[in-house]
Amino acid sequence: MGTGILSTGISGLNAAQAGLVATGHNITNASTPGYHRQSILQSPLTPLSTGSGFFGQGVQVETVVRAYSEFLDTRLAETQAQSAYYSAYHEHISQIDNLVADTQAGMSPALQEFFAATHAVANNPADISARQSLLSAGAALTSRYNTLAARLDQLQNSVNAELSTAISSANLYAQQIASQNERILKVQQDPRQPPQRSLRSARFTGQQAQ
């Protein structure tokens with residue numbers, strides 16, 4: 001019986017030591033971005049059957065789990081993706097807006113000058129200077145359209161280049177995810193250390209943070 005008491009006490013000390021290690025790890029990573037707090041998951045050892053009944057043999061540490069809310073992390077990822085989308089959209093649409101609506105070099109001044117020259121010719125068709133002004137305004141408007149088209153082509157090429165870079169990065173991340181999935185499959189072969197665990201009443205993952 002004395003040996004059993006010592007074994008039970010040792011199991012408790014080992015579990016407490018594991019808890020201290022996890023706590024120290026949490027403290028060390030208190031300022032680490034994206035870190036999730038870890039804790040140990042304990043369970044009682046299989047009791048020993050005797051003629052007087054079942055006697056406990058102490059405690060064991062099953063695995064290490066980290067506090068992780070799938071709902072919150074999913075919402076955070078979705079919000080960040082939307083923020084990145086609207087930031088990129090605003091960046092490119094602002095360039096187009098500046099090209100079209102700029103009060104100095106946009107399409108609006110050229111159109112106003114053209115319609116003003118057209119109105120002047122309509123009021124006085126015989127006026128040579130008015131006709132010449134209309135021709136000049138038409139040429140300026142044509143030049144402005146050509147400049148706008150060339151700039152839009154440049155923006156399109158720039159966006160296509162950005163998309164190509166983003167696709168390459170996405171493919172690289174996909175390869176890394178596939179590699180992690182292979183590691184998870186290998187971990188799943190050990191029933192004592194599953195890659196995902198549930199903790200308390202919320203949904204958490206048991207994948208250990210690096």
# chains A, B, ... in the order shown; residues from 1 in each chain; ligands from 1

$ select_by_dssp --residues "stretch 9-49 of chain A" --states "strand (DSSP E or B)" --output "MDAnalysis selection string"
chainID A and resid 38:44 48:49

$ select_by_dssp --residues "stretch 40-148 of chain A" --states "helix (DSSP H, G or I)" --output "PyMOL selection string"
chain A and resi 70-101+107-123+128-148

$ residues_around --residues "stretch 123-139 of chain A" --least-positions-apart "3" --cutoff "10 Å" --atoms "only C-alpha atoms" --output "list in words"
Ala110, Leu111, Gln112, Glu113, Phe114, Phe115, Ala116, Ala117, Thr118, His119, Ala120, Thr142, Ser143, Arg144 and Tyr145 of chain A
